[in-house]
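Peer 1: Next comes the structure file work_24.cif, holding mmCIF, C-alpha atoms.
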```cif
data_run
#
loop_
_atom_site.label_atom_id
_atom_site.label_comp_id
_atom_site.auth_asym_id
_atom_site.auth_seq_id
_atom_site.Cartn_x
_atom_site.Cartn_y
_atom_site.Cartn_z
CA MET K 1 11.54 -45.30 8.02
CA MET K 2 13.40 -44.44 11.20
CA PHE K 3 16.30 -42.01 11.44
CA GLN K 4 19.36 -42.82 13.55
CA ASP K 5 19.57 -39.23 14.80
CA ARG K 6 19.10 -35.67 13.56
CA HIS K 7 22.32 -35.74 11.54
CA ASP K 8 21.20 -38.87 9.71
CA ALA K 9 17.81 -37.26 9.13
CA GLY K 10 19.49 -34.17 7.68
CA ARG K 11 21.57 -36.22 5.27
CA GLN K 12 18.49 -38.06 4.04
CA LEU K 13 16.52 -34.83 3.75
CA ALA K 14 19.32 -33.24 1.70
CA GLN K 15 18.81 -35.91 -0.96
CA LYS K 16 15.34 -34.45 -1.58
CA LEU K 17 16.80 -30.96 -2.03
CA GLY K 18 19.64 -31.63 -4.44
CA HIS K 19 18.37 -29.13 -7.00
CA TYR K 20 19.39 -26.31 -4.61
CA GLN K 21 23.03 -27.41 -4.40
CA ASN K 22 25.56 -24.60 -4.88
CA ASN K 23 22.76 -22.09 -5.45
CA SER K 24 24.28 -18.71 -4.64
CA ASP K 25 20.81 -17.29 -4.06
CA ALA K 26 19.83 -19.88 -1.41
CA VAL K 27 20.43 -20.12 2.35
CA VAL K 28 19.42 -22.61 5.03
CA LEU K 29 17.71 -21.38 8.20
CA ALA K 30 17.19 -23.92 10.97
CA LEU K 31 14.76 -23.75 13.88
CA PRO K 32 16.73 -24.24 17.11
CA ARG K 33 17.53 -26.26 18.80
CA GLY K 34 16.53 -29.59 17.26
CA GLY K 35 16.41 -28.29 13.70
CA VAL K 36 20.04 -27.15 13.71
CA PRO K 37 21.76 -30.57 13.35
CA VAL K 38 19.30 -31.36 10.55
CA GLY K 39 19.91 -28.00 8.90
CA TYR K 40 23.66 -28.41 9.32
CA GLU K 41 23.69 -31.60 7.25
CA VAL K 42 21.40 -30.05 4.63
CA ALA K 43 23.64 -26.97 4.35
CA LYS K 44 26.78 -29.12 4.23
CA ALA K 45 25.44 -31.38 1.48
CA LEU K 46 24.10 -28.49 -0.60
CA GLN K 47 27.10 -26.22 0.08
CA LEU K 48 24.91 -23.41 1.43
CA PRO K 49 25.32 -21.06 4.40
CA LEU K 50 23.47 -21.92 7.61
CA ASP K 51 21.89 -19.71 10.25
CA VAL K 52 19.19 -20.02 12.92
CA PHE K 53 15.70 -18.58 12.82
CA VAL K 54 14.42 -18.44 16.38
CA VAL K 55 10.80 -19.19 17.24
CA ARG K 56 9.30 -20.09 20.62
CA LYS K 57 6.31 -22.26 21.44
CA LEU K 58 3.60 -20.81 23.68
CA GLY K 59 2.58 -23.61 26.04
CA VAL K 60 -0.79 -23.84 27.76
CA PRO K 61 -0.29 -22.88 31.46
CA GLY K 62 -0.03 -26.08 33.46
CA TYR K 63 0.27 -28.14 30.28
CA GLU K 64 3.34 -26.51 28.74
CA GLU K 65 3.96 -29.34 26.27
CA LEU K 66 0.63 -28.53 24.63
CA ALA K 67 1.18 -25.66 22.19
CA MET K 68 -1.42 -22.91 22.10
CA GLY K 69 0.68 -20.98 19.60
CA ALA K 70 4.14 -19.63 18.93
CA ILE K 71 6.10 -16.41 18.46
CA GLY K 72 8.90 -15.66 16.03
CA SER K 73 11.53 -13.02 15.36
CA GLY K 74 9.98 -9.74 14.29
CA GLY K 75 7.15 -9.78 16.83
CA VAL K 76 4.91 -12.26 15.02
CA ARG K 77 2.55 -14.38 17.13
CA VAL K 78 0.43 -17.27 15.89
CA LEU K 79 -2.30 -18.70 18.14
CA ASN K 80 -4.10 -22.01 17.86
CA GLU K 81 -7.58 -20.69 18.56
CA GLU K 82 -9.01 -24.20 18.96
CA VAL K 83 -6.57 -25.04 21.76
CA VAL K 84 -7.08 -21.65 23.43
CA ARG K 85 -10.82 -22.14 23.39
CA GLU K 86 -10.84 -25.78 24.51
CA MET K 87 -8.36 -25.16 27.35
CA HIS K 88 -10.09 -21.90 28.41
CA VAL K 89 -6.85 -19.92 28.29
CA SER K 90 -7.35 -16.28 29.33
CA SER K 91 -5.96 -13.31 27.43
CA GLU K 92 -3.88 -12.46 30.52
CA ALA K 93 -2.27 -15.92 30.46
CA ILE K 94 -1.52 -15.57 26.76
CA ALA K 95 0.08 -12.16 27.33
CA SER K 96 2.19 -13.50 30.21
CA ALA K 97 3.43 -16.48 28.17
CA THR K 98 4.19 -14.21 25.22
CA LEU K 99 6.29 -11.85 27.38
CA ALA K 100 8.28 -14.68 28.93
CA GLU K 101 8.98 -16.37 25.60
CA SER K 102 9.91 -13.06 23.96
CA ARG K 103 12.67 -12.63 26.52
CA GLU K 104 13.88 -16.17 25.89
CA LEU K 105 13.77 -15.62 22.12
CA LYS K 106 16.11 -12.61 22.41
CA ARG K 107 18.43 -14.49 24.76
CA ARG K 108 18.71 -17.42 22.40
CA GLU K 109 19.50 -15.27 19.38
CA GLN K 110 22.40 -13.75 21.32
CA THR K 111 23.55 -17.12 22.65
CA TYR K 112 23.52 -18.93 19.31
CA ARG K 113 24.85 -16.23 17.03
CA GLY K 114 27.01 -14.18 19.38
CA ASN K 115 28.24 -11.04 17.67
CA ARG K 116 27.81 -12.42 14.16
CA PRO K 117 25.09 -10.69 12.15
CA PRO K 118 22.22 -12.78 10.80
CA LEU K 119 22.43 -13.93 7.22
CA VAL K 120 20.77 -11.60 4.72
CA VAL K 121 17.68 -13.28 3.28
CA ARG K 122 16.15 -10.46 1.24
CA GLY K 123 15.68 -11.70 -2.31
CA LYS K 124 17.01 -15.16 -1.39
CA THR K 125 15.54 -18.63 -1.53
CA VAL K 126 15.25 -19.69 2.11
CA ILE K 127 15.18 -23.39 3.04
CA LEU K 128 13.55 -23.44 6.47
CA VAL K 129 14.45 -26.63 8.34
CA ASP K 130 13.24 -28.38 11.50
CA ASP K 131 13.52 -31.94 12.81
CA GLY K 132 9.84 -32.65 12.19
CA LEU K 133 6.33 -31.26 11.86
CA ALA K 134 3.53 -32.17 14.24
CA THR K 135 1.01 -29.34 14.76
CA GLY K 136 3.13 -26.95 12.70
CA SER K 137 2.46 -23.92 14.93
CA THR K 138 6.15 -23.18 15.43
CA MET K 139 6.95 -23.53 11.72
CA ARG K 140 3.95 -21.41 10.79
CA ALA K 141 5.19 -18.62 13.08
CA ALA K 142 8.62 -18.89 11.47
CA VAL K 143 7.16 -18.61 7.97
CA LEU K 144 5.04 -15.59 8.83
CA SER K 145 7.93 -13.85 10.57
CA LEU K 146 10.32 -14.64 7.73
CA ARG K 147 7.96 -13.04 5.22
CA HIS K 148 8.76 -9.66 6.81
CA LEU K 149 12.41 -10.07 5.73
CA ALA K 150 11.36 -10.23 2.06
CA PRO K 151 12.90 -13.49 0.81
CA ASP K 152 12.23 -14.41 -2.80
CA SER K 153 10.82 -17.80 -1.79
CA ILE K 154 10.40 -20.01 1.28
CA ILE K 155 10.86 -23.78 1.20
CA VAL K 156 9.92 -25.71 4.35
CA ALA K 157 11.96 -28.90 4.66
CA VAL K 158 11.67 -31.57 7.36
CA PRO K 159 12.65 -35.24 7.67
CA VAL K 160 9.21 -36.30 8.95
CA GLY K 161 5.82 -34.63 9.24
CA SER K 162 2.10 -35.21 9.45
CA LEU K 163 0.21 -35.24 6.17
CA GLU K 164 -2.28 -32.61 7.33
CA THR K 165 0.40 -30.17 8.53
CA CYS K 166 2.56 -30.56 5.42
CA LYS K 167 -0.49 -29.92 3.23
CA ALA K 168 -1.57 -26.89 5.29
CA LEU K 169 1.87 -25.25 5.08
CA ARG K 170 1.84 -25.37 1.29
CA ALA K 171 -0.66 -22.52 1.32
CA ASP K 172 1.89 -20.23 3.03
CA THR K 173 5.09 -21.32 1.28
CA ASN K 174 6.53 -21.94 -2.15
CA GLU K 175 7.34 -25.59 -1.45
CA VAL K 176 7.09 -28.12 1.39
CA VAL K 177 9.51 -31.06 1.40
CA CYS K 178 8.74 -33.87 3.86
CA ALA K 179 11.19 -36.75 3.40
CA PHE K 180 8.81 -39.14 5.16
CA ILE K 181 5.08 -38.84 5.90
CA PRO K 182 3.85 -41.69 8.11
CA ARG K 183 0.24 -42.80 8.23
CA GLU K 184 0.08 -41.65 11.84
CA LEU K 185 2.74 -39.29 13.19
CA ARG K 186 1.79 -39.32 16.90
CA ALA K 187 5.12 -37.72 17.92
CA VAL K 188 8.17 -36.60 15.94
CA GLY K 189 10.55 -38.33 18.36
CA MET K 190 9.03 -41.73 17.59
CA TRP K 191 10.77 -41.69 14.20
CA TYR K 192 14.28 -41.21 15.63
CA GLN K 193 16.38 -43.85 17.38
CA ASP K 194 18.25 -41.03 19.16
CA PHE K 195 16.14 -37.95 19.90
CA ASP K 196 18.15 -36.51 22.80
CA GLN K 197 17.86 -32.77 23.33
CA THR K 198 20.25 -30.64 21.28
CA THR K 199 22.38 -28.40 23.49
CA ASP K 200 23.16 -24.70 23.10
CA GLU K 201 26.84 -25.61 22.75
CA GLU K 202 26.13 -27.91 19.82
CA VAL K 203 24.08 -25.21 18.11
CA GLN K 204 26.90 -22.69 18.56
CA TYR K 205 29.48 -25.13 17.17
CA LEU K 206 27.43 -26.10 14.11
CA LEU K 207 26.57 -22.49 13.27
CA LYS K 208 30.18 -21.36 13.55
CA ASP K 209 31.23 -24.14 11.19
CA ARG K 210 28.62 -23.49 8.49
CA GLN K 211 27.52 -19.86 8.70
CA PHE K 212 30.01 -18.58 6.14
CA VAL K 213 30.50 -20.95 3.21
CA GLY K 214 30.51 -20.76 -0.54
CA GLY K 215 32.79 -17.70 -0.53
CA LEU K 216 30.92 -15.81 2.19
CA ARG K 217 33.70 -16.39 4.73
CA LYS K 218 36.30 -14.82 2.45
CA GLU K 219 34.09 -11.84 1.73
CA THR K 220 33.39 -11.33 5.44
CA LYS K 221 37.10 -11.22 6.31
CA ALA K 222 37.98 -8.84 3.48
#
```
Mind converting the file's structure to structure tokens?

Peer 2:
Amino acid sequence: MMFQDRHDAGRQLAQKLGHYQNNSDAVVLALPRGGVPVGYEVAKALQLPLDVFVVRKLGVPGYEELAMGAIGSGGVRVLNEEVVREMHVSSEAIASATLAESRELKRREQTYRGNRPPLVVRGKTVILVDDGLATGSTMRAAVLSLRHLAPDSIIVAVPVGSLETCKALRADTNEVVCAFIPRELRAVGMWYQDFDQTTDEEVQYLLKDRQFVGGLRKETKA
């Protein structure tokens, strides 16, 4: 299986989540930026409201593409102790990366959502969406952070993911939906024909279009 782009991946993923359609107790939260076009199509197909849930990868100094952990809204930090140990990352370097990414996390929340308040998730079924799962550190941080907002249940949903990561996340969630699990993942982008970076402007546009649906827009204006 190969997806044309993130929108195509979202439409295919939505087919695996049809039992949540028009569920007034469910919302879709997407991990920006790449998860937002996927989440947009899921929310559109299921007729659910969409919002972002911001998490930031902590890259190993000098090898920033290699994740040593991640942080999420609410001050949660998840570290990959194996990577930290193997790369000999100091506690000072971890603290510095955490501070820098915390600032970026706050900036992005303001950029994406503007003055709109975040969707209320307490007591809700939250479908947490990204464009794929490799190591899962970012998604794991999102799940742990989201727990502090007291949702009724958390469903992780992705178009493609590694078997090991999808299995591991089941221990921390109510359900994990991976539309496609290849024998060898290698990299999420390999399973997309178009995997260009999602822009801030696209995130803003998609959120504005889908944040208030299923009657929420009318209630907000009243």

Peer 1: Calculate how many Å separate atom CA of Thr198 of chain K from atom CA of Leu105 of chain K, rounding to one decimal.

Peer 2: 16.4 Å

Peer 1: What does the structure give for the distance between atom CA of Ala97 of chain K and atom CA of Val36 of chain K, in Å to one decimal?

Peer 2: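 Atom-to-atom, atom CA of Ala97 of chain K to atom CA of Val36 of chain K, that is 24.5 Å.
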
Peer 1: Under the rule that all atoms listed in the file are counted, which of K:Asp196, K:Glu41, K:Asp209, K:Glu82 is the nearest residue to Asp8 of chain K?

Peer 2: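 Of the candidates, the smallest distance to Asp8 of chain K is held by K:Glu41.
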
Peer 1: Quote the spacing between atom CA of Ile94 of chain K and atom CA of Met68 of chain K in Å to one decimal place.

Peer 2: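 If I compute the distance from atom CA of Ile94 of chain K to atom CA of Met68 of chain K, I get 8.7 Å.
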
Peer 1: Between K:Tyr20, K:Phe53, K:Phe180, K:Trp191, which has the minimum distance to Met139 of chain K (counting all atoms listed in the file)?

Peer 2: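 Residue with the minimum atom-to-atom distance to Met139 of chain K: K:Phe53.
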
Peer 1: Which of these residues is nearest to Leu17 of chain K, using only C-alpha atoms: K:Arg183, K:Arg116, K:Lys44, K:Lys167?

Peer 2: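 Under the stated criterion, the closest residue is K:Lys44.
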
Peer 1: If you apply the PyMOL selection byres ((chain K and resi 28) around 9) to this file, what residues do you get, as a list in words?

Peer 2: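 On this input, the PyMOL selection byres ((chain K and resi 28) around 9) captures Ala26, Val27, Leu29, Ala30, Gly39, Tyr40, Val42, Ala43, Leu48, Pro49, Leu50, Asp51, Val52, Thr125, Val126, Ile127, Leu128 and Val129 of chain K.
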
Peer 1: Show me the residues close to (6.9, -18.4, 4.4) - anything with an atom within 8 Å, counting only C-alpha atoms - and format the list as a list of chain:residue names.

Peer 2: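 Within 8 Å of (6.9, -18.4, 4.4), the protein and nucleic acid residues are K:Arg140, K:Ala142, K:Val143, K:Leu144, K:Ser145, K:Leu146, K:Arg147, K:Ser153, K:Ile154, K:Ile155, K:Val156, K:Asp172, K:Thr173, K:Asn174.
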
Peer 1: Using all atoms listed in the file, which of the listed residues (K:Val120, K:Leu46, K:Met87, K:Ala141) sits closest to Gly10 of chain K?

Peer 2: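 Among the listed residues, the smallest separation from Gly10 of chain K belongs to K:Leu46.
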
Peer 1: Any chance you could work out the residue set of the PyMOL selection byres ((chain K and resi 185) around 9) here, as a JSON list (two decimals) with C-alpha atoms, keeping the file's coordinate frame?

Peer 2:
```json
[["chain", "number", "residue", "atom", "x", "y", "z"],
["K", 133, "LEU", "CA", 6.33, -31.26, 11.86],
["K", 134, "ALA", "CA", 3.53, -32.17, 14.24],
["K", 160, "VAL", "CA", 9.21, -36.30, 8.95],
["K", 161, "GLY", "CA", 5.82, -34.63, 9.24],
["K", 162, "SER", "CA", 2.10, -35.21, 9.45],
["K", 163, "LEU", "CA", 0.21, -35.24, 6.17],
["K", 181, "ILE", "CA", 5.08, -38.84, 5.90],
["K", 182, "PRO", "CA", 3.85, -41.69, 8.11],
["K", 183, "ARG", "CA", 0.24, -42.80, 8.23],
["K", 184, "GLU", "CA", 0.08, -41.65, 11.84],
["K", 186, "ARG", "CA", 1.79, -39.32, 16.90],
["K", 187, "ALA", "CA", 5.12, -37.72, 17.92],
["K", 188, "VAL", "CA", 8.17, -36.60, 15.94],
["K", 190, "MET", "CA", 9.03, -41.73, 17.59],
["K", 191, "TRP", "CA", 10.77, -41.69, 14.20]]
```
